[in-house]
>>> print(open('entry.cif').read())   # mmCIF, C-alpha atoms
data_upload
#
loop_
_atom_site.label_atom_id
_atom_site.label_comp_id
_atom_site.auth_asym_id
_atom_site.auth_seq_id
_atom_site.Cartn_x
_atom_site.Cartn_y
_atom_site.Cartn_z
CA MET D 1005 106.60 80.47 108.19
CA THR D 1006 105.82 81.70 104.72
CA THR D 1007 107.00 79.55 101.85
CA TYR D 1008 107.15 80.08 98.12
CA ARG D 1009 105.68 77.57 95.74
CA SER D 1010 108.03 75.57 93.56
CA GLY D 1011 107.13 77.45 90.37
CA ASP D 1012 107.89 80.86 91.90
CA ALA D 1013 111.25 82.54 91.57
CA ARG D 1014 113.26 82.09 94.76
CA PRO D 1015 113.55 85.36 96.67
CA THR D 1016 117.01 86.79 97.14
CA ALA D 1017 118.33 88.64 100.17
CA ASP D 1018 117.42 91.91 98.44
CA ASP D 1019 113.77 90.84 98.28
CA TRP D 1020 113.41 90.90 102.08
CA LEU D 1021 113.16 93.98 104.27
CA SER D 1022 113.60 94.35 108.02
CA ILE D 1023 110.73 95.73 110.06
CA GLY D 1024 112.67 98.99 110.43
CA GLU D 1025 113.14 99.27 106.66
CA VAL D 1026 109.44 98.60 106.06
CA SER D 1027 108.53 101.20 108.66
CA ALA D 1028 110.82 103.77 107.06
CA ARG D 1029 109.52 103.03 103.54
CA THR D 1030 105.81 103.04 104.43
CA GLY D 1031 105.62 105.48 107.32
CA ALA D 1032 103.82 102.85 109.41
CA ALA D 1033 105.02 102.51 112.99
CA VAL D 1034 106.80 99.30 113.90
CA SER D 1035 104.06 98.59 116.44
CA ALA D 1036 101.43 99.01 113.70
CA LEU D 1037 103.29 96.55 111.45
CA ARG D 1038 103.33 93.99 114.26
CA PHE D 1039 99.61 94.57 114.82
CA TYR D 1040 98.79 94.21 111.10
CA GLU D 1041 100.71 90.96 111.05
CA GLU D 1042 98.93 89.64 114.12
CA PHE D 1043 95.61 90.68 112.56
CA GLY D 1044 96.46 88.74 109.37
CA LEU D 1045 96.79 91.66 106.95
CA ILE D 1046 100.52 91.18 106.29
CA ALA D 1047 103.06 88.41 106.81
CA SER D 1048 106.75 88.05 107.49
CA GLN D 1049 109.32 85.33 107.91
CA ARG D 1050 111.90 85.01 110.65
CA ASP D 1051 115.56 85.00 109.69
CA GLY D 1052 118.36 83.04 111.37
CA ARG D 1053 118.48 85.60 114.18
CA ASN D 1054 114.69 85.34 114.70
CA GLN D 1055 114.11 88.83 113.28
CA ARG D 1056 111.13 89.62 111.08
CA ARG D 1057 111.80 89.93 107.37
CA TYR D 1058 109.07 91.13 105.04
CA PRO D 1059 108.91 90.29 101.37
CA ARG D 1060 109.07 93.42 99.24
CA HIS D 1061 105.54 92.85 97.89
CA MET D 1062 104.14 93.63 101.39
CA LEU D 1063 104.88 97.32 100.74
CA ARG D 1064 101.84 97.55 98.44
CA ARG D 1065 99.55 95.97 101.01
CA ILE D 1066 100.80 98.31 103.72
CA ALA D 1067 100.28 101.31 101.43
CA LEU D 1068 96.67 100.23 100.86
CA ILE D 1069 96.17 99.73 104.60
CA SER D 1070 97.44 103.28 105.20
CA VAL D 1071 95.06 104.73 102.62
CA ALA D 1072 92.14 102.75 104.02
CA LYS D 1073 92.89 103.91 107.56
CA ARG D 1074 93.04 107.52 106.40
CA ILE D 1075 89.51 107.31 104.97
CA GLY D 1076 88.09 105.36 107.91
CA ILE D 1077 87.85 101.84 106.49
CA PRO D 1078 87.85 99.29 109.33
CA LEU D 1079 90.68 96.76 109.32
CA GLN D 1080 88.16 93.92 109.30
CA ASP D 1081 86.83 95.22 105.96
CA LEU D 1082 90.39 95.20 104.61
CA LEU D 1083 90.92 91.66 105.82
CA GLU D 1084 87.82 90.62 103.88
CA ALA D 1085 88.89 92.61 100.81
CA PHE D 1086 92.36 91.00 100.88
CA ALA D 1087 91.00 87.49 101.53
CA ASP D 1088 91.89 86.24 98.03
CA VAL D 1089 95.18 88.13 97.76
CA PRO D 1090 97.99 85.77 98.74
CA LEU D 1091 100.42 86.65 101.52
CA ASP D 1092 103.02 84.04 100.65
CA ARG D 1093 103.95 85.33 97.20
CA PRO D 1094 103.60 88.43 95.05
CA PRO D 1095 99.96 88.57 93.94
CA SER D 1096 99.15 88.37 90.25
CA HIS D 1097 97.51 91.22 88.37
CA GLN D 1098 94.28 89.22 88.24
CA GLU D 1099 94.30 88.66 92.00
CA TRP D 1100 94.72 92.40 92.64
CA GLN D 1101 91.98 93.21 90.13
CA ARG D 1102 89.55 90.79 91.79
CA ALA D 1103 90.28 92.29 95.23
CA SER D 1104 89.97 95.79 93.79
CA ARG D 1105 86.52 95.08 92.35
CA GLY D 1106 85.31 93.74 95.69
CA TRP D 1107 86.72 96.70 97.58
CA LYS D 1108 85.18 99.11 95.08
CA ARG D 1109 81.73 97.55 95.70
CA ARG D 1110 82.17 97.98 99.45
CA LEU D 1111 83.29 101.58 99.06
CA GLU D 1112 80.30 102.34 96.83
CA GLU D 1113 77.91 100.88 99.42
CA ARG D 1114 79.62 102.95 102.13
CA ARG D 1115 79.38 106.11 100.00
CA GLN D 1116 75.66 105.57 99.41
CA THR D 1117 75.06 105.02 103.14
CA ILE D 1118 76.94 108.22 103.99
CA GLU D 1119 74.98 110.19 101.37
CA ARG D 1120 71.66 108.90 102.79
CA LEU D 1121 72.73 109.84 106.31
CA GLU D 1122 73.87 113.26 105.10
CA SER D 1123 70.52 113.85 103.42
CA GLU D 1124 68.57 112.81 106.51
CA LEU D 1125 70.74 114.93 108.81
CA THR D 1126 70.47 117.97 106.55
CA GLY D 1127 66.69 117.62 106.48
CA CYS D 1128 66.50 117.12 110.23
CA ILE D 1129 68.80 119.99 111.15
CA GLY D 1130 67.26 122.31 108.57
CA CYS D 1131 63.61 121.74 109.43
CA GLY D 1132 63.80 122.38 113.16
CA CYS D 1133 60.41 120.75 113.68
CA LEU D 1134 61.45 118.48 116.56
CA SER D 1135 58.57 116.23 115.57
CA MET D 1136 59.07 112.67 116.71
CA LYS D 1137 56.24 111.58 114.39
CA ALA D 1138 57.76 113.13 111.29
CA CYS D 1139 61.44 112.51 112.00
CA ALA D 1140 62.76 109.76 109.72
CA LEU D 1141 66.19 109.83 111.36
CA LEU D 1142 65.47 109.52 115.09
CA ASN D 1143 62.05 107.92 114.99
CA PRO D 1144 61.40 106.16 111.69
CA GLY D 1145 57.76 105.23 111.31
CA ASP D 1146 57.08 106.70 114.78
CA SER D 1147 58.35 103.45 116.32
CA LEU D 1148 58.87 105.13 119.70
CA ALA D 1149 55.11 105.59 120.09
CA ASP D 1150 54.88 101.86 120.81
CA ASP D 1151 56.85 102.47 124.04
CA GLY D 1152 54.23 104.85 125.43
CA ALA D 1153 53.85 108.57 126.00
CA GLY D 1154 56.57 110.97 127.05
CA PRO D 1155 60.27 111.21 126.25
CA ARG D 1156 61.78 107.89 125.19
CA ARG D 1157 65.36 108.87 124.34
CA LEU D 1158 66.36 110.44 127.66
#
>>> encode(input="entry.cif", output="structure tokens")
Amino acid sequence: MTTYRSGDARPTADDWLSIGEVSARTGAAVSALRFYEEFGLIASQRDGRNQRRYPRHMLRRIALISVAKRIGIPLQDLLEAFADVPLDRPPSHQEWQRASRGWKRRLEERRQTIERLESELTGCIGCGCLSMKACALLNPGDSLADDGAGPRRL
């Protein structure tokens, strides 16, 4: 169960949202919210009737998860990016900034990888040479020659 530290303001009933309210506010399916919680991306508490209640600050995390999913970021990458962002209390501005810088580095690396792949694919598709010796994408450094003569990818 999530607890707040003694120095934090005690949450009121208005600070907690049911799973249905969170789903309606974020557009995330209830099943997705349960999955994100099981995966460790978000957290809830159980009320007296054993129903999930989410602190209001989870809405930001869920919004970021939705954006990341839309652009193809794996959930494991998000888990790593959110590693230093607390689940048990509203994160500070500094904690969000630190996570943002880490995520920005990962996104930049991903962008560079995609641009390299795009360049290699464009060159490969455009040249039409079908040369296994010259092809940097399918046979870098003619590594398939070490396997012998004939087709190696069939």
>>> residues_around(input="entry.cif", residues="Tyr1040 (chain D)", least_positions_apart="4", cutoff="10 Å", atoms="only C-alpha atoms", output="number ranges by chain")
D: 1034-1036, 1044-1047, 1066, 1069, 1079, 1083
>>> atom_distance(input="entry.cif", atom1="CA of Gln1098 (chain D)", atom2="CA of Glu1112 (chain D)")
21.0 Å
>>> residues_near_point(input="entry.cif", point="(101.2, 86.9, 98.1)", cutoff="10 Å", atoms="only C-alpha atoms", output="PyMOL selection string")
chain D and resi 1006+1008+1046-1047+1059+1061-1062+1065+1088-1096+1099
>>> closest_residue(input="entry.cif", among="D:Ser1022, D:Ser1070, D:Ser1104, D:Ser1027", to="Arg1050 (chain D)", atoms="only C-alpha atoms")
D:Ser1022
>>> atom_distance(input="entry.cif", atom1="CA of Trp1107 (chain D)", atom2="CA of Glu1084 (chain D)")
8.8 Å
>>> closest_residue(input="entry.cif", among="D:Leu1037, D:Arg1102, D:Leu1082, D:Ile1118", to="Leu1068 (chain D)", atoms="only C-alpha atoms")
D:Leu1082
>>> atom_distance(input="entry.cif", atom1="CA of Asp1051 (chain D)", atom2="CA of Thr1030 (chain D)")
21.2 Å
>>> resolve_selection(input="entry.cif", expression="the PyMOL selection byres ((chain D and resi 1111) around 12)", output="list in words")
Ala1072, Ile1075, Gly1076, Ile1077, Pro1078, Asp1081, Leu1082, Ala1085, Ser1104, Arg1105, Gly1106, Trp1107, Lys1108, Arg1109, Arg1110, Glu1112, Glu1113, Arg1114, Arg1115, Gln1116, Thr1117 and Ile1118 of chain D
>>> closest_residue(input="entry.cif", among="D:Gln1080, D:Gly1031, D:Arg1120, D:Ala1087", to="Phe1043 (chain D)", atoms="all atoms listed in the file")
D:Gln1080
>>> resolve_selection(input="entry.cif", expression="the PyMOL selection byres ((chain D and resi 1057) around 10)", output="MDAnalysis selection string")
chainID D and resid 1017 1019:1026 1047:1051 1054:1056 1058:1060
>>> write_last_selection(input="entry.cif", atoms="C-alpha atoms", output="PDB file, in the frame of the given file")
ATOM      1  CA  ALA D1017     118.330  88.640 100.170  1.00  0.00           C
ATOM      2  CA  ASP D1019     113.770  90.840  98.280  1.00  0.00           C
ATOM      3  CA  TRP D1020     113.410  90.900 102.080  1.00  0.00           C
ATOM      4  CA  LEU D1021     113.160  93.980 104.270  1.00  0.00           C
ATOM      5  CA  SER D1022     113.600  94.350 108.020  1.00  0.00           C
ATOM      6  CA  ILE D1023     110.730  95.730 110.060  1.00  0.00           C
ATOM      7  CA  GLY D1024     112.670  98.990 110.430  1.00  0.00           C
ATOM      8  CA  GLU D1025     113.140  99.270 106.660  1.00  0.00           C
ATOM      9  CA  VAL D1026     109.440  98.600 106.060  1.00  0.00           C
ATOM     10  CA  ALA D1047     103.060  88.410 106.810  1.00  0.00           C
ATOM     11  CA  SER D1048     106.750  88.050 107.490  1.00  0.00           C
ATOM     12  CA  GLN D1049     109.320  85.330 107.910  1.00  0.00           C
ATOM     13  CA  ARG D1050     111.900  85.010 110.650  1.00  0.00           C
ATOM     14  CA  ASP D1051     115.560  85.000 109.690  1.00  0.00           C
ATOM     15  CA  ASN D1054     114.690  85.340 114.700  1.00  0.00           C
ATOM     16  CA  GLN D1055     114.110  88.830 113.280  1.00  0.00           C
ATOM     17  CA  ARG D1056     111.130  89.620 111.080  1.00  0.00           C
ATOM     18  CA  TYR D1058     109.070  91.130 105.040  1.00  0.00           C
ATOM     19  CA  PRO D1059     108.910  90.290 101.370  1.00  0.00           C
ATOM     20  CA  ARG D1060     109.070  93.420  99.240  1.00  0.00           C
TER      21      ARG D1060
END
>>> decode(input="entry.cif", residues="region 1049-1088 of chain D", atoms="C-alpha atoms", output="short mmCIF file (atom, residue, chain, number, x, y, z; two decimals), in the first residue's frame")
data_model
loop_
_atom_site.label_atom_id
_atom_site.label_comp_id
_atom_site.auth_asym_id
_atom_site.auth_seq_id
_atom_site.Cartn_x
_atom_site.Cartn_y
_atom_site.Cartn_z
CA GLN D 1049 -4.17 2.19 -2.98
CA ARG D 1050 -7.13 0.08 -1.96
CA ASP D 1051 -10.00 1.75 -0.14
CA GLY D 1052 -12.18 0.21 2.59
CA ARG D 1053 -14.16 -1.68 -0.05
CA ASN D 1054 -10.94 -3.03 -1.63
CA GLN D 1055 -11.36 -0.85 -4.72
CA ARG D 1056 -8.41 0.80 -6.42
CA ARG D 1057 -7.96 4.51 -5.80
CA TYR D 1058 -5.35 6.45 -7.72
CA PRO D 1059 -3.73 9.62 -6.47
CA ARG D 1060 -4.44 12.52 -8.80
CA HIS D 1061 -0.74 12.89 -9.69
CA MET D 1062 -0.92 9.53 -11.57
CA LEU D 1063 -2.81 11.33 -14.36
CA ARG D 1064 0.44 12.91 -15.58
CA ARG D 1065 2.25 9.58 -15.64
CA ILE D 1066 -0.59 7.96 -17.56
CA ALA D 1067 -0.61 10.84 -20.06
CA LEU D 1068 3.12 10.31 -20.66
CA ILE D 1069 2.58 6.56 -21.05
CA SER D 1070 -0.10 7.26 -23.67
CA VAL D 1071 2.19 9.58 -25.62
CA ALA D 1072 5.06 7.10 -25.44
CA LYS D 1073 2.85 4.27 -26.68
CA ARG D 1074 1.67 6.40 -29.59
CA ILE D 1075 5.25 6.94 -30.78
CA GLY D 1076 6.34 3.34 -30.18
CA ILE D 1077 8.36 3.63 -26.99
CA PRO D 1078 8.48 0.26 -25.21
CA LEU D 1079 7.03 0.16 -21.70
CA GLN D 1080 10.34 -1.15 -20.35
CA ASP D 1081 12.02 2.07 -21.56
CA LEU D 1082 9.36 4.07 -19.71
CA LEU D 1083 9.91 2.06 -16.56
CA GLU D 1084 13.61 2.94 -16.75
CA ALA D 1085 12.86 6.60 -17.52
CA PHE D 1086 10.47 6.80 -14.54
CA ALA D 1087 12.82 4.94 -12.18
CA ASP D 1088 13.63 8.05 -10.13
#
